[in-house]
Structure formats: C-alpha cells, structure tokens
$ cat model_3.tsv   # TSV, C-alpha atoms
chain	number	residue	atom	x	y	z
A	20	MET	CA	-3.81	5.55	28.81
A	21	ARG	CA	-0.14	4.56	28.46
A	22	ILE	CA	2.06	5.49	25.48
A	23	VAL	CA	4.61	2.95	24.25
A	24	GLU	CA	7.13	3.50	21.45
A	25	LEU	CA	8.22	0.82	19.00
A	26	GLU	CA	11.75	0.70	20.42
A	27	ASP	CA	10.19	-0.42	23.72
A	28	LEU	CA	8.22	-3.22	22.07
A	29	SER	CA	7.83	-6.14	24.47
A	30	LEU	CA	6.77	-9.71	23.82
A	31	SER	CA	3.40	-9.03	25.44
A	32	LEU	CA	2.79	-6.00	23.21
A	33	LEU	CA	3.88	-7.95	20.13
A	34	ARG	CA	1.32	-10.61	21.00
A	35	LEU	CA	-1.36	-7.93	21.21
A	36	LEU	CA	-0.35	-6.61	17.79
A	37	VAL	CA	-0.48	-10.08	16.24
A	38	GLU	CA	-3.91	-10.77	17.74
A	39	MET	CA	-5.19	-7.42	16.49
A	40	TYR	CA	-3.86	-8.23	13.03
A	41	ARG	CA	-5.47	-11.66	13.03
A	42	ARG	CA	-8.83	-10.13	13.88
A	43	ASP	CA	-8.61	-7.57	11.06
A	44	PRO	CA	-5.66	-8.22	8.72
A	45	ILE	CA	-6.90	-5.79	6.05
A	46	THR	CA	-6.76	-2.84	8.46
A	47	HIS	CA	-3.51	-3.73	10.20
A	48	VAL	CA	-1.45	-5.32	7.43
A	49	TYR	CA	0.84	-2.27	7.06
A	50	LEU	CA	1.52	-2.26	10.80
A	51	LEU	CA	2.63	-5.87	11.09
A	52	TYR	CA	4.48	-5.91	7.76
A	53	ASP	CA	6.51	-2.79	8.57
A	54	ILE	CA	7.41	-4.05	12.04
A	55	ILE	CA	8.56	-7.42	10.70
A	56	TYR	CA	10.16	-6.52	7.36
A	57	GLU	CA	10.87	-2.77	7.50
A	58	SER	CA	11.87	-2.28	11.13
A	59	GLU	CA	14.95	-0.23	10.24
A	60	SER	CA	12.73	2.29	8.42
A	61	THR	CA	9.76	2.22	10.79
A	62	ASP	CA	8.69	4.18	13.87
A	63	ALA	CA	5.46	3.65	15.79
A	64	VAL	CA	3.77	4.78	18.98
A	65	PHE	CA	0.92	2.93	20.66
A	66	ALA	CA	-1.78	3.97	23.10
A	67	LEU	CA	-2.45	1.18	25.59
A	68	GLU	CA	-5.51	1.08	27.79
A	69	SER	CA	-5.23	0.00	31.40
A	70	GLY	CA	-6.47	-3.47	30.45
A	71	SER	CA	-3.47	-3.89	28.12
A	72	GLU	CA	-5.55	-3.41	25.00
A	73	ILE	CA	-4.24	-1.33	22.09
A	74	ALA	CA	-6.50	1.70	21.76
A	75	GLY	CA	-4.66	3.40	18.91
A	76	TYR	CA	-1.39	3.81	17.06
A	77	VAL	CA	0.57	6.00	14.68
A	78	LEU	CA	2.81	4.09	12.26
A	79	ILE	CA	5.49	5.98	10.29
A	80	TRP	CA	7.52	4.41	7.47
A	81	HIS	CA	10.61	6.39	6.38
A	82	GLY	CA	11.69	4.15	3.51
A	83	GLY	CA	10.38	6.17	0.56
A	84	ARG	CA	10.48	9.66	-0.87
A	85	ARG	CA	7.54	10.56	1.36
A	86	LEU	CA	6.61	9.41	4.83
A	87	GLY	CA	4.04	6.62	4.82
A	88	VAL	CA	1.85	7.24	7.87
A	89	HIS	CA	-1.10	5.27	9.27
A	90	VAL	CA	-3.26	6.67	12.07
A	91	TRP	CA	-5.66	4.24	13.74
A	92	GLY	CA	-7.93	4.36	16.77
A	93	GLU	CA	-7.58	6.70	19.74
A	94	ALA	CA	-4.48	8.46	18.49
A	95	ARG	CA	-5.03	12.15	19.27
A	96	GLN	CA	-2.47	12.34	22.06
A	97	LEU	CA	-0.07	10.17	20.05
A	98	LEU	CA	0.07	12.80	17.30
A	99	ASP	CA	1.67	15.18	19.81
A	100	THR	CA	4.60	12.78	20.20
A	101	VAL	CA	5.54	12.34	16.51
A	102	SER	CA	6.80	14.63	13.79
A	103	LEU	CA	4.91	14.68	10.48
A	104	LYS	CA	6.92	17.45	8.89
A	105	GLY	CA	7.81	17.11	5.24
A	106	PRO	CA	6.31	15.20	2.31
A	107	ALA	CA	3.89	12.55	3.57
A	108	VAL	CA	0.99	10.30	2.69
A	109	VAL	CA	-1.22	9.82	5.74
A	110	GLN	CA	-3.88	7.11	5.76
A	111	LEU	CA	-6.57	7.67	8.38
A	112	TYR	CA	-8.78	4.88	9.67
A	113	GLY	CA	-11.44	7.26	10.93
A	114	GLU	CA	-12.74	10.75	10.29
A	115	GLY	CA	-12.04	12.44	13.61
A	116	LEU	CA	-8.34	13.28	13.35
A	117	ALA	CA	-8.22	14.73	9.82
A	118	GLY	CA	-8.14	18.34	11.03
A	119	ARG	CA	-5.40	17.64	13.56
A	120	VAL	CA	-3.21	15.93	10.94
A	121	MET	CA	-3.84	18.69	8.38
A	122	GLU	CA	-2.65	21.21	10.93
A	123	SER	CA	0.53	19.20	11.57
A	124	LEU	CA	1.40	18.98	7.88
A	125	GLY	CA	0.83	22.65	7.09
A	126	SER	CA	-0.62	24.56	4.15
A	127	SER	CA	0.54	22.08	1.50
A	128	ALA	CA	-1.68	19.32	2.87
A	129	ARG	CA	-4.82	18.31	0.99
A	130	LEU	CA	-7.54	15.89	1.96
A	131	GLU	CA	-8.61	13.19	-0.49
A	132	ARG	CA	-10.73	10.08	-0.14
A	133	PHE	CA	-9.67	6.59	-1.19
A	134	VAL	CA	-11.67	3.40	-1.51
A	135	ASP	CA	-10.28	0.14	-0.13
A	136	MET	CA	-11.13	-2.68	-2.55
A	137	ALA	CA	-10.44	-6.39	-2.08
A	138	VAL	CA	-10.99	-9.75	-3.72
A	139	ASP	CA	-10.39	-13.37	-2.73
A	140	GLU	CA	-9.93	-16.51	-4.81
A	141	ASP	CA	-13.66	-17.20	-5.05
A	142	GLY	CA	-14.48	-13.72	-6.35
A	143	PHE	CA	-11.52	-13.20	-8.69
A	144	ARG	CA	-12.16	-13.03	-12.45
A	145	ALA	CA	-8.98	-13.26	-14.53
A	146	TRP	CA	-8.62	-11.09	-17.65
A	147	SER	CA	-5.97	-10.32	-20.27
A	148	THR	CA	-5.45	-8.78	-23.68
A	149	ALA	CA	-1.70	-9.36	-23.80
A	150	GLU	CA	1.02	-11.41	-22.15
A	151	ALA	CA	1.81	-10.27	-18.63
A	152	VAL	CA	5.51	-10.92	-17.93
A	153	ARG	CA	6.90	-11.39	-14.43
A	154	LEU	CA	9.69	-8.81	-14.11
A	155	ARG	CA	12.78	-10.25	-12.45
A	156	ALA	CA	15.74	-8.55	-10.82
A	157	ASP	CA	18.15	-11.18	-12.14
A	158	LYS	CA	17.28	-10.45	-15.78
A	159	GLU	CA	19.28	-7.51	-17.09
A	160	GLU	CA	16.77	-6.79	-19.86
A	161	HIS	CA	13.96	-6.48	-17.31
A	162	VAL	CA	15.97	-4.12	-15.10
A	163	GLU	CA	16.87	-1.93	-18.10
A	164	ALA	CA	13.27	-1.93	-19.35
A	165	PHE	CA	11.97	-0.99	-15.90
A	166	SER	CA	14.52	1.82	-15.63
A	167	GLU	CA	13.45	3.24	-19.02
A	168	PHE	CA	9.80	2.89	-18.00
A	169	SER	CA	10.45	4.88	-14.82
A	170	LYS	CA	12.12	7.64	-16.84
A	171	ALA	CA	9.20	7.76	-19.28
A	172	ARG	CA	6.64	8.13	-16.50
A	173	LYS	CA	8.92	10.54	-14.57
A	174	ARG	CA	8.56	8.65	-11.32
A	175	PHE	CA	11.48	7.01	-9.52
A	176	LEU	CA	10.64	4.76	-6.58
A	177	GLY	CA	14.18	3.57	-6.05
A	178	ASP	CA	16.94	1.50	-7.61
A	179	PRO	CA	15.23	-0.57	-10.34
A	180	GLN	CA	17.03	-3.81	-9.55
A	181	GLU	CA	16.39	-3.52	-5.81
A	182	LEU	CA	12.76	-2.64	-6.43
A	183	LEU	CA	12.21	-5.67	-8.66
A	184	LYS	CA	13.87	-7.83	-6.03
A	185	LYS	CA	11.74	-6.46	-3.20
A	186	TRP	CA	8.35	-6.05	-4.88
A	187	ARG	CA	6.64	-8.52	-7.21
A	188	TYR	CA	6.03	-6.83	-10.60
A	189	TYR	CA	4.27	-7.83	-13.79
A	190	GLY	CA	4.59	-5.90	-17.03
A	191	VAL	CA	3.34	-5.78	-20.60
A	192	PHE	CA	5.87	-5.28	-23.41
A	193	VAL	CA	5.07	-3.81	-26.81
A	194	GLU	CA	7.85	-4.19	-29.36
A	195	ASP	CA	10.33	-4.93	-26.56
A	196	ARG	CA	9.35	-1.78	-24.67
A	197	LEU	CA	7.80	-2.00	-21.21
A	198	VAL	CA	4.54	-0.01	-21.35
A	199	SER	CA	2.47	-1.11	-18.34
A	200	VAL	CA	3.17	-2.41	-14.81
A	201	ALA	CA	1.49	-3.45	-11.58
A	202	CYS	CA	3.00	-4.88	-8.42
A	203	ALA	CA	2.45	-6.33	-4.98
A	204	TYR	CA	4.40	-4.19	-2.53
A	205	ILE	CA	3.25	-6.08	0.58
A	206	ARG	CA	2.94	-9.86	0.68
A	207	MET	CA	1.67	-11.41	3.87
A	208	PRO	CA	0.01	-14.83	4.14
A	209	GLU	CA	-3.38	-13.18	4.71
A	210	VAL	CA	-3.16	-10.02	2.55
A	211	TRP	CA	-1.24	-8.82	-0.49
A	212	CYS	CA	-1.31	-5.07	-1.22
A	213	ILE	CA	-1.51	-4.31	-4.94
A	214	GLY	CA	-0.34	-1.00	-6.35
A	215	ASP	CA	1.86	1.04	-8.71
A	216	VAL	CA	-0.57	0.27	-11.53
A	217	TYR	CA	0.53	2.46	-14.42
A	218	THR	CA	0.38	2.43	-18.22
A	219	LEU	CA	2.28	4.87	-20.41
A	220	GLU	CA	-0.14	7.42	-21.82
A	221	GLU	CA	0.28	6.49	-25.48
A	222	HIS	CA	-0.58	2.85	-24.72
A	223	ARG	CA	-3.73	3.40	-22.68
A	224	GLY	CA	-7.15	2.16	-23.69
A	225	ARG	CA	-5.89	-1.30	-24.71
A	226	GLY	CA	-6.48	-3.15	-21.46
A	227	TYR	CA	-2.83	-3.40	-20.44
A	228	GLY	CA	-3.37	-2.01	-16.94
A	229	LYS	CA	-6.19	-4.46	-16.38
A	230	THR	CA	-3.98	-7.27	-17.67
A	231	VAL	CA	-1.08	-6.64	-15.28
A	232	THR	CA	-3.43	-6.05	-12.35
A	233	SER	CA	-5.11	-9.36	-13.15
A	234	ALA	CA	-1.74	-11.14	-13.23
A	235	ILE	CA	-0.55	-9.94	-9.83
A	236	THR	CA	-4.01	-10.44	-8.31
A	237	ARG	CA	-3.99	-14.03	-9.59
A	238	ASP	CA	-0.73	-14.66	-7.73
A	239	ALA	CA	-2.16	-13.13	-4.54
A	240	VAL	CA	-5.39	-15.10	-4.41
A	241	SER	CA	-3.71	-18.32	-5.58
A	242	SER	CA	-1.50	-18.09	-2.49
A	243	GLY	CA	-4.62	-18.03	-0.31
A	244	ALA	CA	-4.36	-14.31	0.48
A	245	ILE	CA	-6.84	-11.51	-0.05
A	246	ALA	CA	-5.73	-8.97	-2.69
A	247	LEU	CA	-6.15	-5.40	-1.41
A	248	LEU	CA	-5.76	-2.13	-3.29
A	249	HIS	CA	-6.60	1.53	-2.78
A	250	VAL	CA	-8.14	3.75	-5.45
A	251	ALA	CA	-9.12	7.41	-5.40
A	252	GLU	CA	-12.84	7.85	-4.86
A	253	ASP	CA	-13.12	10.13	-7.89
A	254	ASN	CA	-11.31	7.66	-10.20
A	255	ALA	CA	-14.44	5.97	-11.53
A	256	ALA	CA	-12.64	4.43	-14.52
A	257	ALA	CA	-10.12	2.59	-12.34
A	258	ARG	CA	-12.84	1.38	-9.99
A	259	ARG	CA	-14.72	-0.09	-12.96
A	260	VAL	CA	-11.59	-1.98	-14.02
A	261	TYR	CA	-11.06	-3.40	-10.56
A	262	ARG	CA	-14.72	-4.37	-10.19
A	263	ALA	CA	-14.46	-6.27	-13.48
A	264	LEU	CA	-11.68	-8.35	-11.89
A	265	GLY	CA	-13.90	-9.13	-8.91
A	266	PHE	CA	-12.73	-6.47	-6.47
A	267	ARG	CA	-15.40	-5.14	-4.12
A	268	ALA	CA	-15.40	-1.84	-2.24
A	269	LEU	CA	-14.95	-2.32	1.50
A	270	ARG	CA	-14.91	1.26	2.77
A	271	THR	CA	-13.89	4.80	1.90
A	272	ARG	CA	-11.27	6.51	4.06
A	273	PRO	CA	-9.66	9.94	4.27
A	274	TRP	CA	-6.07	10.28	3.11
A	275	ILE	CA	-3.99	13.40	3.60
A	276	LEU	CA	-1.30	14.18	1.02
A	277	ALA	CA	1.43	16.72	1.60

$ encode --input "model_3.tsv" --output "structure tokens"
Amino acid sequence: MRIVELEDLSLSLLRLLVEMYRRDPITHVYLLYDIIYESESTDAVFALESGSEIAGYVLIWHGGRRLGVHVWGEARQLLDTVSLKGPAVVQLYGEGLAGRVMESLGSSARLERFVDMAVDEDGFRAWSTAEAVRLRADKEEHVEAFSEFSKARKRFLGDPQELLKKWRYYGVFVEDRLVSVACAYIRMPEVWCIGDVYTLEEHRGRGYGKTVTSAITRDAVSSGAIALLHVAEDNAAARRVYRALGFRALRTRPWILA
C-alpha cells in the first residue's frame, strides 16, 4: 500500500480519481469538487494499492468554521498521517473507523447518523406555498436581507455577498423580511448537494422550508444532475418533507461531530 498526498497529485492519479467519481458520483462528489474548485483550502491523502487502484482516502476541507472531513475505504493508516484536531464534521463511508476517528477528535466528539437522500428529474415532485426568490449577490437588498437572516438565526457561514455569489440560494420573504432559505453548495454536472435549509422559528409550519428546497431541487434536476442532501436519522419531520418532494433514502452513514 502506497500513500500519496494531494500536493503530489499526478495525471495518472487524477485519472483514477475521475474514473472513481464517474462510477459513483454520489459518494465521491465532495472529493472531486474540492480538488477542482477548493484546492487552496483542501488537503487529501490517498492509499494506492500495488495495481494503482485507490483503496481509500481522507479528504480535509479547511474553508469553513469547522473542518469538513471525508473518510472513505481503507483509510486506517491514512488517519495516522493527518491532523483532525479542532472543530470538525467527519463523514464516514463505512462503520469500521468510527472509534479511531472519535479517539483523534477527543472527548468533545459525538457520533450521529445521517441519511443520504437523492432525487432525479423523473422522481422530483415540485411544491410551493409561497414565492421562492433566487437570492443574488449583485442585489443589495438580497445581501442585506441575507445578513439580517444570518443574525436572526445566529449562524454566520461567511461574508453574505461572497456566500450568495458562491452558493446558489433561494429564499422566501414575508413582508420584505427573509424568513426561509435553502441552497446548493456543490454543483457538479452529475450531482448537486442541497443544504442550509432553515426557516426562522416564528415562521415554521407554513411550508416555507419545503418551498425553498423544492426550488433549488428543481434547478438541480432540470440541469440533468441528481439532487443529494443529508438529513439526521432522528429528524423524521425533515425526512417526510424530502420524501414528499421525491427524495429517496440511499443509505445511512455515521458522522462524527466535534
């Protein structure tokens, strides 16, 4: 088994990564997206078998408030070569390494389980109870509304204008106030990743979250991609909403949050 770091990425290894992605884009979409579009914020190590096949990898994205980590395949010895200290969200694509990762992250780490759900154009069922507005970085009123929304929910993902430029957001406004959002934070030809679905507490129960999720999912599947999202296994209400839009559960995986 040979270990290769991302900074030593060769054309032959890149070809292996692309082929692996083509075979299973839902599993490896974060890997290829981060290498292509987030290379300045991304580290990765790969385990290569003697036959030049990728046996496992650890992908680490440093671009947010917490590390975004993906551990796939035969990665036990790779975990000894990377640092997972500090706040992190670790997605595991198998059960075997959970204990090893928990040990690396320390006493603050907790294990949760998330369901991968996906839908394509044939399975999608659109739904709305209000107008879903595409939020644009070049519209000052949208940037201001998004900034106020972030303050109200007490969660700051980054500069509002840069975030609206980078990620594709839809929102619902009530009396000129942004009250619900959803976005696509990864957009590849084969897979869009849907997330940051949130409705202010006082506006819940009116279908706004379902409306904005429907809007961004429509864009994804209309492009020919599969729409993918992750939802906590114990969040039955959210899973019902996504099923109503046509999403189907693919698998349940362990995540470790620190």

$ closest_atom_pairs --input "model_3.tsv" --of "region 99-180 of chain A" --to "region 223-246 of chain A" --cutoff "10 Å" --atoms "only C-alpha atoms" --output "CSV"
residue,atom,partner,partner_atom,distance
A:Met136,CA,A:Ala246,CA,8.3
A:Ala137,CA,A:Ala246,CA,5.4
A:Val138,CA,A:Ala246,CA,5.4
A:Asp139,CA,A:Ile245,CA,4.8
A:Glu140,CA,A:Val240,CA,4.8
A:Asp141,CA,A:Val240,CA,8.6
A:Gly142,CA,A:Val240,CA,9.4
A:Phe143,CA,A:Arg237,CA,7.6
A:Arg144,CA,A:Ser233,CA,8.0
A:Ala145,CA,A:Ser233,CA,5.7
A:Trp146,CA,A:Ser233,CA,6.0
A:Ser147,CA,A:Thr230,CA,4.5
A:Thr148,CA,A:Gly226,CA,6.1
A:Ala149,CA,A:Thr230,CA,6.9
A:Glu150,CA,A:Thr230,CA,7.9
A:Ala151,CA,A:Val231,CA,5.7
A:Val152,CA,A:Val231,CA,8.3
A:Arg153,CA,A:Ala234,CA,8.7

$ atom_distance --input "model_3.tsv" --atom1 "CA of Tyr189 (chain A)" --atom2 "CA of Tyr56 (chain A)"
22.0 Å

$ atom_distance --input "model_3.tsv" --atom1 "CA of Ser166 (chain A)" --atom2 "CA of Glu220 (chain A)"
16.9 Å

$ residues_near_point --input "model_3.tsv" --point "(7.1, -9.9, -13.0)" --cutoff "12 Å" --atoms "all atoms listed in the file" --output "VMD selection string"
chain A and resid 150 to 158 161 to 162 164 to 165 182 to 192 197 199 to 203 231 to 232 234 to 235 238

$ atom_distance --input "model_3.tsv" --atom1 "CA of Leu124 (chain A)" --atom2 "CA of Leu50 (chain A)"
21.4 Å

$ closest_residue --input "model_3.tsv" --among "A:Leu116, A:Leu103, A:Val88, A:Leu111" --to "Val134 (chain A)" --atoms "all atoms listed in the file"
A:Leu111

$ closest_residue --input "model_3.tsv" --among "A:Arg132, A:Val198, A:Ala268, A:Glu72" --to "Lys170 (chain A)" --atoms "all atoms listed in the file"
A:Val198

$ residues_near_point --input "model_3.tsv" --point "(5.4, 15.3, 13.6)" --cutoff "12 Å" --atoms "all atoms listed in the file" --output "PyMOL selection string"
chain A and resi 62-64+77-79+86+88+96-107+109+119-125

$ closest_residue --input "model_3.tsv" --among "A:Arg272, A:Arg21, A:His222, A:Arg41" --to "Gly75 (chain A)" --atoms "only C-alpha atoms"
A:Arg21

$ closest_residue --input "model_3.tsv" --among "A:Thr218, A:Gln110, A:Ser169, A:Gln180" --to "Leu276 (chain A)" --atoms "only C-alpha atoms"
A:Gln110

$ decode --input "model_3.tsv" --residues "region 259-272 of chain A" --atoms "N, CA and C atoms" --output "PDB file, in the first residue's frame"
ATOM      1  N   ARG A 259     -39.750  13.387   6.091  1.00  0.00           N
ATOM      2  CA  ARG A 259     -41.076  13.362   5.463  1.00  0.00           C
ATOM      3  C   ARG A 259     -41.202  14.452   4.405  1.00  0.00           C
ATOM      4  N   VAL A 260     -40.673  15.635   4.710  1.00  0.00           N
ATOM      5  CA  VAL A 260     -40.715  16.736   3.751  1.00  0.00           C
ATOM      6  C   VAL A 260     -39.954  16.358   2.480  1.00  0.00           C
ATOM      7  N   TYR A 261     -38.768  15.816   2.653  1.00  0.00           N
ATOM      8  CA  TYR A 261     -37.953  15.484   1.489  1.00  0.00           C
ATOM      9  C   TYR A 261     -38.575  14.334   0.691  1.00  0.00           C
ATOM     10  N   ARG A 262     -39.152  13.380   1.363  1.00  0.00           N
ATOM     11  CA  ARG A 262     -39.828  12.294   0.639  1.00  0.00           C
ATOM     12  C   ARG A 262     -40.994  12.833  -0.194  1.00  0.00           C
ATOM     13  N   ALA A 263     -41.701  13.836   0.346  1.00  0.00           N
ATOM     14  CA  ALA A 263     -42.817  14.422  -0.397  1.00  0.00           C
ATOM     15  C   ALA A 263     -42.359  15.088  -1.686  1.00  0.00           C
ATOM     16  N   LEU A 264     -41.092  15.517  -1.735  1.00  0.00           N
ATOM     17  CA  LEU A 264     -40.532  16.118  -2.946  1.00  0.00           C
ATOM     18  C   LEU A 264     -39.956  15.069  -3.891  1.00  0.00           C
ATOM     19  N   GLY A 265     -39.980  13.820  -3.474  1.00  0.00           N
ATOM     20  CA  GLY A 265     -39.487  12.745  -4.323  1.00  0.00           C
ATOM     21  C   GLY A 265     -38.152  12.165  -3.909  1.00  0.00           C
ATOM     22  N   PHE A 266     -37.533  12.737  -2.872  1.00  0.00           N
ATOM     23  CA  PHE A 266     -36.247  12.206  -2.413  1.00  0.00           C
ATOM     24  C   PHE A 266     -36.434  10.801  -1.837  1.00  0.00           C
ATOM     25  N   ARG A 267     -35.448   9.940  -2.107  1.00  0.00           N
ATOM     26  CA  ARG A 267     -35.451   8.581  -1.580  1.00  0.00           C
ATOM     27  C   ARG A 267     -34.174   8.333  -0.785  1.00  0.00           C
ATOM     28  N   ALA A 268     -34.312   7.608   0.311  1.00  0.00           N
ATOM     29  CA  ALA A 268     -33.146   7.286   1.143  1.00  0.00           C
ATOM     30  C   ALA A 268     -32.244   6.300   0.408  1.00  0.00           C
ATOM     31  N   LEU A 269     -30.958   6.610   0.368  1.00  0.00           N
ATOM     32  CA  LEU A 269     -29.975   5.737  -0.271  1.00  0.00           C
ATOM     33  C   LEU A 269     -29.237   4.882   0.731  1.00  0.00           C
ATOM     34  N   ARG A 270     -28.865   5.479   1.853  1.00  0.00           N
ATOM     35  CA  ARG A 270     -28.082   4.776   2.870  1.00  0.00           C
ATOM     36  C   ARG A 270     -28.002   5.643   4.114  1.00  0.00           C
ATOM     37  N   THR A 271     -27.639   5.049   5.215  1.00  0.00           N
ATOM     38  CA  THR A 271     -27.408   5.764   6.463  1.00  0.00           C
ATOM     39  C   THR A 271     -25.947   5.597   6.839  1.00  0.00           C
ATOM     40  N   ARG A 272     -25.283   6.704   7.178  1.00  0.00           N
ATOM     41  CA  ARG A 272     -23.856   6.680   7.450  1.00  0.00           C
ATOM     42  C   ARG A 272     -23.546   7.355   8.783  1.00  0.00           C
TER      43      ARG A 272
END
